[in-house]
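Structure file input.cif (mmCIF, C-alpha atoms) is printed below.
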```cif
data_model
#
loop_
_atom_site.label_atom_id
_atom_site.label_comp_id
_atom_site.auth_asym_id
_atom_site.auth_seq_id
_atom_site.Cartn_x
_atom_site.Cartn_y
_atom_site.Cartn_z
CA MET A 15 0.00 0.00 0.00
CA PHE A 16 2.93 2.35 0.66
CA ARG A 17 4.23 1.83 -2.88
CA VAL A 18 0.73 2.29 -4.31
CA SER A 19 0.30 5.51 -2.31
CA LEU A 20 3.59 6.83 -3.68
CA MET A 21 2.52 6.03 -7.25
CA ILE A 22 -0.87 7.73 -6.79
CA ALA A 23 0.97 10.75 -5.36
CA ALA A 24 3.21 10.74 -8.45
CA LEU A 25 0.14 10.68 -10.71
CA THR A 26 -1.40 13.59 -8.81
CA ALA A 27 1.84 15.59 -9.01
CA LEU A 28 2.06 14.90 -12.75
CA PHE A 29 -1.56 16.00 -13.18
CA MET A 30 -0.91 19.26 -11.33
CA GLY A 31 2.29 19.77 -13.33
CA VAL A 32 0.38 19.57 -16.60
CA GLY A 33 -2.13 22.01 -15.12
CA PHE A 34 0.71 24.41 -14.32
CA LEU A 35 1.98 24.05 -17.87
CA LEU A 36 -1.48 24.89 -19.16
CA GLY A 37 -2.19 27.91 -16.97
CA GLY A 38 0.48 28.56 -14.37
CA GLU A 39 -0.53 28.50 -10.71
CA GLY A 40 -4.16 29.07 -11.64
CA GLY A 41 -4.04 26.12 -14.03
CA MET A 42 -2.54 23.95 -11.33
CA LEU A 43 -5.38 24.86 -8.97
CA ILE A 44 -7.96 24.19 -11.69
CA ALA A 45 -6.34 20.80 -12.33
CA LEU A 46 -6.59 19.94 -8.64
CA VAL A 47 -10.27 20.91 -8.50
CA LEU A 48 -10.96 19.03 -11.73
CA ALA A 49 -9.27 15.90 -10.38
CA GLY A 50 -11.40 16.08 -7.25
CA GLY A 51 -14.60 16.44 -9.27
CA MET A 52 -13.76 13.58 -11.63
CA ASN A 53 -12.83 11.29 -8.76
CA ALA A 54 -16.04 12.16 -6.90
CA PHE A 55 -18.08 11.27 -9.98
CA ALA A 56 -16.12 8.04 -10.48
CA TYR A 57 -16.48 7.16 -6.77
CA TRP A 58 -20.27 7.17 -6.97
CA ASN A 59 -20.88 5.95 -10.54
CA SER A 60 -17.94 3.84 -11.78
CA ASP A 61 -19.44 0.48 -10.72
CA ARG A 62 -22.71 1.02 -12.62
CA MET A 63 -20.84 2.36 -15.63
CA VAL A 64 -18.45 -0.57 -16.00
CA LEU A 65 -21.17 -3.17 -15.40
CA SER A 66 -23.29 -1.50 -18.06
CA MET A 67 -20.36 -1.34 -20.52
CA HIS A 68 -19.98 -5.11 -20.34
CA GLY A 69 -23.69 -5.96 -20.37
CA ALA A 70 -23.59 -7.50 -16.90
CA ARG A 71 -26.87 -8.84 -15.49
CA GLU A 72 -27.46 -9.27 -11.78
CA ILE A 73 -28.47 -12.84 -10.89
CA SER A 74 -30.28 -14.17 -7.85
CA ARG A 75 -29.54 -17.25 -5.78
CA ALA A 76 -32.50 -19.01 -7.43
CA GLU A 77 -30.73 -18.86 -10.81
CA LEU A 78 -27.35 -20.26 -9.70
CA PRO A 79 -27.62 -21.43 -6.10
CA TRP A 80 -24.21 -23.18 -5.97
CA PHE A 81 -22.46 -20.08 -7.33
CA HIS A 82 -24.20 -17.76 -4.87
CA ASP A 83 -23.45 -20.12 -1.98
CA MET A 84 -19.79 -20.39 -3.01
CA ILE A 85 -19.36 -16.61 -3.00
CA ALA A 86 -21.30 -16.27 0.26
CA GLN A 87 -19.06 -18.84 1.99
CA MET A 88 -15.86 -17.20 0.83
CA ALA A 89 -17.14 -13.68 1.59
CA ALA A 90 -17.89 -14.84 5.14
CA ARG A 91 -14.41 -16.37 5.40
CA ALA A 92 -12.91 -13.06 4.24
CA GLU A 93 -15.15 -11.14 6.70
CA LEU A 94 -16.84 -9.29 3.85
CA PRO A 95 -20.51 -8.44 3.22
CA MET A 96 -22.13 -10.51 0.50
CA PRO A 97 -21.49 -8.67 -2.80
CA LYS A 98 -23.97 -8.43 -5.63
CA VAL A 99 -23.43 -11.17 -8.20
CA TYR A 100 -23.47 -10.49 -11.94
CA LEU A 101 -23.22 -12.64 -15.05
CA ILE A 102 -21.87 -11.41 -18.40
CA ASP A 103 -22.95 -13.12 -21.60
CA GLN A 104 -19.44 -13.42 -23.00
CA ASP A 105 -17.64 -16.52 -24.32
CA GLN A 106 -14.21 -15.39 -23.14
CA PRO A 107 -13.64 -16.82 -19.63
CA ASN A 108 -12.94 -13.87 -17.33
CA ALA A 109 -14.17 -12.01 -14.24
CA PHE A 110 -13.84 -8.70 -12.40
CA ALA A 111 -14.93 -6.91 -9.24
CA THR A 112 -16.15 -3.35 -8.85
CA GLY A 113 -17.67 -1.06 -6.24
CA ARG A 114 -16.49 1.87 -4.14
CA ASN A 115 -16.24 -0.17 -0.90
CA PRO A 116 -17.01 -3.67 0.45
CA GLU A 117 -20.53 -2.59 1.38
CA ASN A 118 -21.29 -1.63 -2.24
CA ALA A 119 -19.29 -4.27 -4.08
CA ALA A 120 -20.19 -6.45 -7.04
CA VAL A 121 -18.46 -9.43 -8.61
CA ALA A 122 -19.04 -10.39 -12.23
CA ALA A 123 -18.20 -13.58 -14.10
CA THR A 124 -18.60 -14.39 -17.79
CA THR A 125 -20.64 -17.28 -19.09
CA GLY A 126 -17.42 -18.55 -20.68
CA LEU A 127 -15.84 -18.84 -17.26
CA MET A 128 -18.84 -20.77 -15.93
CA ARG A 129 -18.73 -23.23 -18.85
CA ASN A 130 -14.99 -23.86 -19.12
CA LEU A 131 -13.73 -24.05 -15.53
CA SER A 132 -14.35 -26.55 -12.76
CA HIS A 133 -16.14 -25.45 -9.61
CA GLU A 134 -12.82 -25.44 -7.76
CA GLU A 135 -11.22 -23.21 -10.37
CA ILE A 136 -14.24 -20.88 -10.34
CA ALA A 137 -13.86 -20.67 -6.55
CA GLY A 138 -10.23 -19.62 -7.00
CA VAL A 139 -11.23 -16.92 -9.50
CA MET A 140 -14.01 -15.50 -7.36
CA ALA A 141 -11.76 -15.57 -4.28
CA HIS A 142 -9.32 -13.41 -6.27
CA GLU A 143 -12.12 -10.94 -7.00
CA LEU A 144 -13.19 -10.91 -3.35
CA ALA A 145 -9.55 -10.15 -2.49
CA HIS A 146 -9.76 -7.04 -4.68
CA VAL A 147 -12.86 -6.02 -2.71
CA LYS A 148 -11.16 -6.71 0.63
CA ASN A 149 -8.07 -4.74 -0.40
CA ARG A 150 -10.24 -1.90 -1.77
CA ASP A 151 -8.43 -2.23 -5.09
CA THR A 152 -11.58 -1.34 -7.03
CA LEU A 153 -11.46 2.17 -5.56
CA ILE A 154 -7.68 2.50 -6.05
CA MET A 155 -7.89 1.48 -9.71
CA THR A 156 -10.83 3.81 -10.34
CA ILE A 157 -8.85 6.75 -8.94
CA THR A 158 -5.72 5.94 -10.96
CA ALA A 159 -7.68 5.41 -14.18
CA THR A 160 -9.52 8.71 -13.67
CA ILE A 161 -6.34 10.71 -13.01
CA ALA A 162 -4.51 9.06 -15.91
CA GLY A 163 -7.36 9.93 -18.26
CA ALA A 164 -7.46 13.50 -16.98
CA ILE A 165 -3.70 13.90 -17.55
CA SER A 166 -4.14 12.97 -21.21
CA MET A 167 -6.99 15.45 -21.52
CA LEU A 168 -5.02 18.29 -19.92
CA ALA A 169 -1.93 17.52 -22.00
CA ASN A 170 -4.00 17.90 -25.17
CA MET A 171 -5.45 21.17 -23.85
CA ALA A 172 -1.91 22.44 -23.16
CA MET A 173 -0.85 21.62 -26.70
CA TRP A 174 -3.78 23.40 -28.35
CA SER A 175 -3.41 26.36 -26.00
CA SER A 176 0.21 26.79 -27.09
CA PHE A 177 -0.69 26.45 -30.77
CA LEU A 178 -3.36 29.15 -30.36
CA GLY A 179 -0.94 31.49 -28.62
CA GLY A 180 -2.13 31.02 -25.04
CA ASN A 181 0.12 30.90 -21.97
CA ARG A 182 2.94 32.90 -23.64
CA ASN A 183 4.94 32.94 -20.40
CA ASN A 184 5.37 29.18 -20.43
CA PRO A 185 9.13 28.62 -19.87
CA LEU A 186 9.14 25.34 -21.80
CA GLY A 187 8.14 26.84 -25.12
CA ILE A 188 6.30 25.04 -27.90
CA VAL A 189 8.90 22.24 -28.05
CA GLY A 190 8.56 21.64 -24.33
CA VAL A 191 4.78 21.59 -24.58
CA LEU A 192 4.90 19.03 -27.38
CA ALA A 193 7.27 16.87 -25.35
CA MET A 194 4.98 17.12 -22.32
CA THR A 195 1.96 16.24 -24.49
CA ILE A 196 3.63 12.96 -25.39
CA LEU A 197 5.51 12.14 -22.18
CA ALA A 198 2.88 13.05 -19.56
CA PRO A 199 0.19 10.60 -20.75
CA LEU A 200 2.87 7.95 -21.30
CA ALA A 201 4.18 8.39 -17.76
CA ALA A 202 0.63 8.31 -16.38
CA THR A 203 -0.10 5.08 -18.25
CA LEU A 204 3.07 3.45 -16.96
CA VAL A 205 2.27 4.41 -13.36
CA GLN A 206 -1.29 3.14 -13.74
CA MET A 207 -0.06 -0.19 -15.09
CA ALA A 208 2.53 -0.48 -12.33
CA ILE A 209 -0.21 -0.03 -9.72
CA SER A 210 -2.40 -2.61 -11.48
CA ARG A 211 0.41 -5.18 -11.50
CA VAL A 212 1.13 -4.70 -7.79
CA ARG A 213 -2.55 -5.14 -6.91
CA GLU A 214 -2.92 -8.29 -9.06
CA TYR A 215 -0.08 -10.06 -7.27
CA ASP A 216 -1.58 -9.16 -3.90
CA ALA A 217 -5.08 -10.24 -4.96
CA ASP A 218 -3.67 -13.63 -6.07
CA ARG A 219 -2.09 -14.10 -2.65
CA VAL A 220 -5.12 -12.99 -0.62
CA GLY A 221 -7.50 -14.85 -2.94
CA ALA A 222 -5.54 -18.08 -2.43
CA GLU A 223 -5.86 -17.56 1.32
CA ILE A 224 -9.60 -16.94 1.07
CA CYS A 225 -10.37 -20.10 -0.93
CA GLY A 226 -7.71 -22.08 0.95
CA ARG A 227 -6.28 -23.76 -2.17
CA PRO A 228 -3.72 -21.75 -4.17
CA LEU A 229 -3.64 -24.43 -6.87
CA TRP A 230 -7.31 -23.87 -7.71
CA LEU A 231 -6.46 -20.32 -8.72
CA ALA A 232 -3.21 -21.37 -10.44
CA SER A 233 -5.09 -23.87 -12.60
CA ALA A 234 -7.80 -21.30 -13.38
CA LEU A 235 -5.29 -18.64 -14.44
CA GLN A 236 -3.76 -20.90 -17.06
CA LYS A 237 -7.17 -21.70 -18.55
CA LEU A 238 -8.21 -18.03 -18.46
CA GLU A 239 -5.09 -16.90 -20.28
CA ASP A 240 -5.57 -19.57 -22.95
CA GLY A 241 -9.20 -18.53 -23.38
CA ALA A 242 -8.37 -14.81 -23.59
CA ARG A 243 -5.89 -15.52 -26.40
CA ARG A 244 -8.41 -17.51 -28.44
CA ILE A 245 -11.70 -15.70 -27.83
CA ASP A 246 -12.55 -12.06 -28.56
CA ASN A 247 -14.07 -9.84 -25.90
CA HIS A 248 -15.61 -7.08 -28.01
CA ALA A 249 -16.92 -5.04 -25.05
CA ALA A 250 -13.44 -4.92 -23.55
CA GLU A 251 -11.86 -4.05 -26.90
CA ASN A 252 -14.33 -1.15 -27.22
CA ASN A 253 -13.59 -0.02 -23.64
CA PRO A 254 -9.85 -0.74 -23.14
CA ALA A 255 -9.69 1.50 -20.06
CA THR A 256 -11.51 -1.28 -18.17
CA ALA A 257 -8.98 -4.00 -19.10
CA HIS A 258 -7.07 -3.66 -15.83
CA MET A 259 -10.17 -4.67 -13.86
CA PHE A 260 -10.29 -8.22 -15.24
CA ILE A 261 -8.43 -11.10 -13.62
CA VAL A 262 -6.59 -11.69 -16.93
CA ASN A 263 -6.01 -9.22 -19.75
CA PRO A 264 -9.06 -9.44 -22.06
CA LEU A 265 -7.42 -7.53 -24.94
CA HIS A 266 -5.75 -9.31 -27.84
CA ALA A 267 -3.82 -6.18 -28.79
CA HIS A 268 -2.01 -6.23 -25.45
CA ALA A 269 -1.87 -9.96 -24.83
CA VAL A 270 1.93 -10.10 -24.62
CA ASP A 271 3.36 -9.39 -21.19
CA GLY A 272 5.68 -6.42 -21.41
CA LEU A 273 6.11 -2.79 -20.54
CA PHE A 274 2.54 -1.83 -21.50
CA SER A 275 0.70 -4.85 -20.06
CA THR A 276 -1.90 -4.15 -17.39
CA HIS A 277 -1.26 -7.54 -15.78
CA PRO A 278 1.84 -9.31 -14.44
CA PRO A 279 3.33 -12.20 -16.46
CA MET A 280 1.09 -15.23 -16.05
CA ARG A 281 4.05 -17.56 -15.53
CA SER A 282 5.15 -15.44 -12.57
CA ARG A 283 1.66 -15.35 -11.04
CA ILE A 284 1.29 -19.13 -11.29
CA ALA A 285 4.78 -19.72 -9.88
CA LYS A 286 3.99 -17.63 -6.81
CA LEU A 287 0.77 -19.58 -6.23
CA MET A 288 2.64 -22.87 -6.58
CA GLU A 289 5.08 -21.69 -3.92
CA MET A 290 2.15 -20.93 -1.62
CA ALA A 291 0.59 -24.35 -2.25
CA GLY A 292 3.53 -26.59 -1.45
CA GLN A 293 1.61 -29.54 -2.92
CA PRO A 294 1.59 -31.21 -6.36
CA ALA A 295 -2.09 -31.11 -7.30
CA PRO A 296 -5.32 -29.30 -6.37
CA GLN A 297 -7.84 -31.00 -4.08
CA ARG A 298 -11.54 -31.36 -4.70
CA GLY A 299 -13.93 -28.86 -3.12
CA PRO A 300 -17.48 -29.04 -1.72
CA TRP A 301 -19.06 -27.70 -4.95
CA GLY A 302 -18.53 -30.85 -7.04
#
```
Output the file's structure as structure tokens, nothing else.
Amino acid sequence: MFRVSLMIAALTALFMGVGFLLGGEGGMLIALVLAGGMNAFAYWNSDRMVLSMHGAREISRAELPWFHDMIAQMAARAELPMPKVYLIDQDQPNAFATGRNPENAAVAATTGLMRNLSHEEIAGVMAHELAHVKNRDTLIMTITATIAGAISMLANMAMWSSFLGGNRNNPLGIVGVLAMTILAPLAATLVQMAISRVREYDADRVGAEICGRPLWLASALQKLEDGARRIDNHAAENNPATAHMFIVNPLHAHAVDGLFSTHPPMRSRIAKLMEMAGQPAPQRGPWG
């Protein structure tokens, strides 16, 4: 959390720096107020927005009693309130969590995940999502995504302001503004991805503790990555800013782990879970 706090502070400083470039001290103050307003809006509305983007439908216990009971058992083990449960009609096996706090959380799974994974593997996946809720990662990632998006917007405003002759006292000049227009959004994206990677590792660890079987999640991750490579997720491709929310990267364009990946290397995630397990094979669970 200390590292994440430092990275969020770096994003905020970068945002205010672009505001200063755009309008001096007044621009920096406007940037700060704008960041607060955008984060307030995201705090109250981001969960409904992302669920709507992906066509998620809330399901009751009567529709999938074993799935509801599984989540309820693990939520109780993690000392969390029961989240709302959503299903996404999507062939790609994947899942995500959203909500501003544990009391207003939701977990969503795709129909592809329900069809292609065993109950034990599904338990591992949903435990990972409950870990995000427990760690309040959904709020952290909403804040970082909002600030990163605002930095890109302000950088573009700074560029057009310079082209139109505004802010003539800017010490960087037109060349400096152009450099900032390119480098500021790039730096913001890198910080956002670094935060996402840190939180994914921690959610794997806490999720393995919640379900009690790290190998369930390890086995699920391998199947999810294979599925994401083979099957398109058009909603995610149309809304790439939500990619970091999923347990595995849903985007084909960024499927290769590298500098611009929103998720840690799958091999590394699985290796860490295997270390936690200390056993050769997953055990059967109470869900068949």
### Message
Can you translate the PyMOL selection byres ((chain A and resi 247) around 8) into the concrete residues it hits in this file, as a PyMOL selection string?
### Response
chain A and resi 104-106+242+245-246+248-251+264-265
Selection file, C-alpha atoms, as a PDB file, in the frame of the given file:
```pdb
ATOM      1  CA  GLN A 104     -19.440 -13.420 -23.000  1.00  0.00           C
ATOM      2  CA  ASP A 105     -17.640 -16.520 -24.320  1.00  0.00           C
ATOM      3  CA  GLN A 106     -14.210 -15.390 -23.140  1.00  0.00           C
ATOM      4  CA  ALA A 242      -8.370 -14.810 -23.590  1.00  0.00           C
ATOM      5  CA  ILE A 245     -11.700 -15.700 -27.830  1.00  0.00           C
ATOM      6  CA  ASP A 246     -12.550 -12.060 -28.560  1.00  0.00           C
ATOM      7  CA  HIS A 248     -15.610  -7.080 -28.010  1.00  0.00           C
ATOM      8  CA  ALA A 249     -16.920  -5.040 -25.050  1.00  0.00           C
ATOM      9  CA  ALA A 250     -13.440  -4.920 -23.550  1.00  0.00           C
ATOM     10  CA  GLU A 251     -11.860  -4.050 -26.900  1.00  0.00           C
ATOM     11  CA  PRO A 264      -9.060  -9.440 -22.060  1.00  0.00           C
ATOM     12  CA  LEU A 265      -7.420  -7.530 -24.940  1.00  0.00           C
TER      13      LEU A 265
END
```
### Message
Please return as number ranges by chain every residue within 12 Å of (-0.4, 15.5, -6.7), taking into account all atoms listed in the file and the file's own coordinates.
### Response
A: 19-34, 42-43, 45-47, 49-50, 158, 161-162, 165
Selection dump of the PyMOL selection byres ((chain A and resi 144) around 10), as a PDB file with C-alpha atoms, in the coordinates of the input:
```pdb
ATOM      1  CA  ILE A  85     -19.360 -16.610  -3.000  1.00  0.00           C
ATOM      2  CA  MET A  88     -15.860 -17.200   0.830  1.00  0.00           C
ATOM      3  CA  ALA A  89     -17.140 -13.680   1.590  1.00  0.00           C
ATOM      4  CA  ALA A  92     -12.910 -13.060   4.240  1.00  0.00           C
ATOM      5  CA  LEU A  94     -16.840  -9.290   3.850  1.00  0.00           C
ATOM      6  CA  MET A  96     -22.130 -10.510   0.500  1.00  0.00           C
ATOM      7  CA  PRO A  97     -21.490  -8.670  -2.800  1.00  0.00           C
ATOM      8  CA  PHE A 110     -13.840  -8.700 -12.400  1.00  0.00           C
ATOM      9  CA  ALA A 111     -14.930  -6.910  -9.240  1.00  0.00           C
ATOM     10  CA  THR A 112     -16.150  -3.350  -8.850  1.00  0.00           C
ATOM     11  CA  PRO A 116     -17.010  -3.670   0.450  1.00  0.00           C
ATOM     12  CA  ALA A 119     -19.290  -4.270  -4.080  1.00  0.00           C
ATOM     13  CA  ALA A 120     -20.190  -6.450  -7.040  1.00  0.00           C
ATOM     14  CA  VAL A 121     -18.460  -9.430  -8.610  1.00  0.00           C
ATOM     15  CA  GLY A 138     -10.230 -19.620  -7.000  1.00  0.00           C
ATOM     16  CA  VAL A 139     -11.230 -16.920  -9.500  1.00  0.00           C
ATOM     17  CA  MET A 140     -14.010 -15.500  -7.360  1.00  0.00           C
ATOM     18  CA  ALA A 141     -11.760 -15.570  -4.280  1.00  0.00           C
ATOM     19  CA  HIS A 142      -9.320 -13.410  -6.270  1.00  0.00           C
ATOM     20  CA  GLU A 143     -12.120 -10.940  -7.000  1.00  0.00           C
ATOM     21  CA  ALA A 145      -9.550 -10.150  -2.490  1.00  0.00           C
ATOM     22  CA  HIS A 146      -9.760  -7.040  -4.680  1.00  0.00           C
ATOM     23  CA  VAL A 147     -12.860  -6.020  -2.710  1.00  0.00           C
ATOM     24  CA  LYS A 148     -11.160  -6.710   0.630  1.00  0.00           C
ATOM     25  CA  ASN A 149      -8.070  -4.740  -0.400  1.00  0.00           C
ATOM     26  CA  ARG A 150     -10.240  -1.900  -1.770  1.00  0.00           C
ATOM     27  CA  ALA A 217      -5.080 -10.240  -4.960  1.00  0.00           C
ATOM     28  CA  VAL A 220      -5.120 -12.990  -0.620  1.00  0.00           C
ATOM     29  CA  GLY A 221      -7.500 -14.850  -2.940  1.00  0.00           C
ATOM     30  CA  ILE A 224      -9.600 -16.940   1.070  1.00  0.00           C
ATOM     31  CA  CYS A 225     -10.370 -20.100  -0.930  1.00  0.00           C
TER      32      CYS A 225
END
```
### Task
Given the file shown, enumerate the residues that the PyMOL selection byres ((chain A and resi 234) around 10) captures and present them as a list of chain:residue names.
A:Pro107, A:Asn108, A:Leu127, A:Asn130, A:Leu131, A:Ser132, A:Glu134, A:Glu135, A:Ile136, A:Ala137, A:Gly138, A:Val139, A:Leu229, A:Trp230, A:Leu231, A:Ala232, A:Ser233, A:Leu235, A:Gln236, A:Lys237, A:Leu238, A:Glu239, A:Asp240, A:Ile284
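As for CA of Arg62 in chain A and CA of Ala222 in chain A, they are spaced 27.6 Å apart.
When CA of Val99 in chain A is paired with CA of Asn59 in chain A, their separation reads 17.5 Å.
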### Summary
Correct to one decimal, the distance CA of His68 in chain A-CA of Glu93 in chain A is 28.1 Å
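Counting only C-alpha atoms and comparing A:Leu65, A:Trp58, A:Ala164, A:Leu78, the residue that lies closest to Asn115 in chain A is A:Trp58.
Residue nearest Glu72 in chain A within the list A:Thr124, A:Ser210, A:Ser60, A:Thr256: A:Thr124 [criterion: smallest interatomic distance, all atoms listed in the file].
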Would you save range 231-244 of chain A to a file, keeping N, CA and C atoms, as a tab-separated table (two decimals), in the first residue's frame?
```
chain	number	residue	atom	x	y	z
A	231	LEU	N	-6.63	-21.56	-7.98
A	231	LEU	CA	-6.46	-20.32	-8.72
A	231	LEU	C	-5.37	-20.47	-9.78
A	232	ALA	N	-4.29	-21.17	-9.47
A	232	ALA	CA	-3.21	-21.37	-10.44
A	232	ALA	C	-3.74	-22.09	-11.69
A	233	SER	N	-4.53	-23.12	-11.49
A	233	SER	CA	-5.09	-23.87	-12.60
A	233	SER	C	-6.05	-22.99	-13.41
A	234	ALA	N	-6.84	-22.18	-12.72
A	234	ALA	CA	-7.80	-21.30	-13.38
A	234	ALA	C	-7.08	-20.25	-14.23
A	235	LEU	N	-6.01	-19.69	-13.71
A	235	LEU	CA	-5.29	-18.64	-14.44
A	235	LEU	C	-4.78	-19.13	-15.78
A	236	GLN	N	-4.27	-20.36	-15.81
A	236	GLN	CA	-3.76	-20.90	-17.06
A	236	GLN	C	-4.88	-21.05	-18.08
A	237	LYS	N	-6.04	-21.54	-17.64
A	237	LYS	CA	-7.17	-21.70	-18.55
A	237	LYS	C	-7.70	-20.34	-19.02
A	238	LEU	N	-7.71	-19.36	-18.10
A	238	LEU	CA	-8.21	-18.03	-18.46
A	238	LEU	C	-7.30	-17.37	-19.49
A	239	GLU	N	-6.00	-17.50	-19.31
A	239	GLU	CA	-5.09	-16.90	-20.28
A	239	GLU	C	-5.25	-17.55	-21.65
A	240	ASP	N	-5.37	-18.88	-21.67
A	240	ASP	CA	-5.57	-19.57	-22.95
A	240	ASP	C	-6.86	-19.11	-23.62
A	241	GLY	N	-7.92	-18.96	-22.84
A	241	GLY	CA	-9.20	-18.53	-23.38
A	241	GLY	C	-9.15	-17.10	-23.90
A	242	ALA	N	-8.47	-16.21	-23.17
A	242	ALA	CA	-8.37	-14.81	-23.59
A	242	ALA	C	-7.61	-14.67	-24.90
A	243	ARG	N	-6.65	-15.56	-25.15
A	243	ARG	CA	-5.89	-15.52	-26.40
A	243	ARG	C	-6.73	-15.98	-27.58
A	244	ARG	N	-7.66	-16.90	-27.34
A	244	ARG	CA	-8.41	-17.51	-28.44
A	244	ARG	C	-9.72	-16.80	-28.74
```
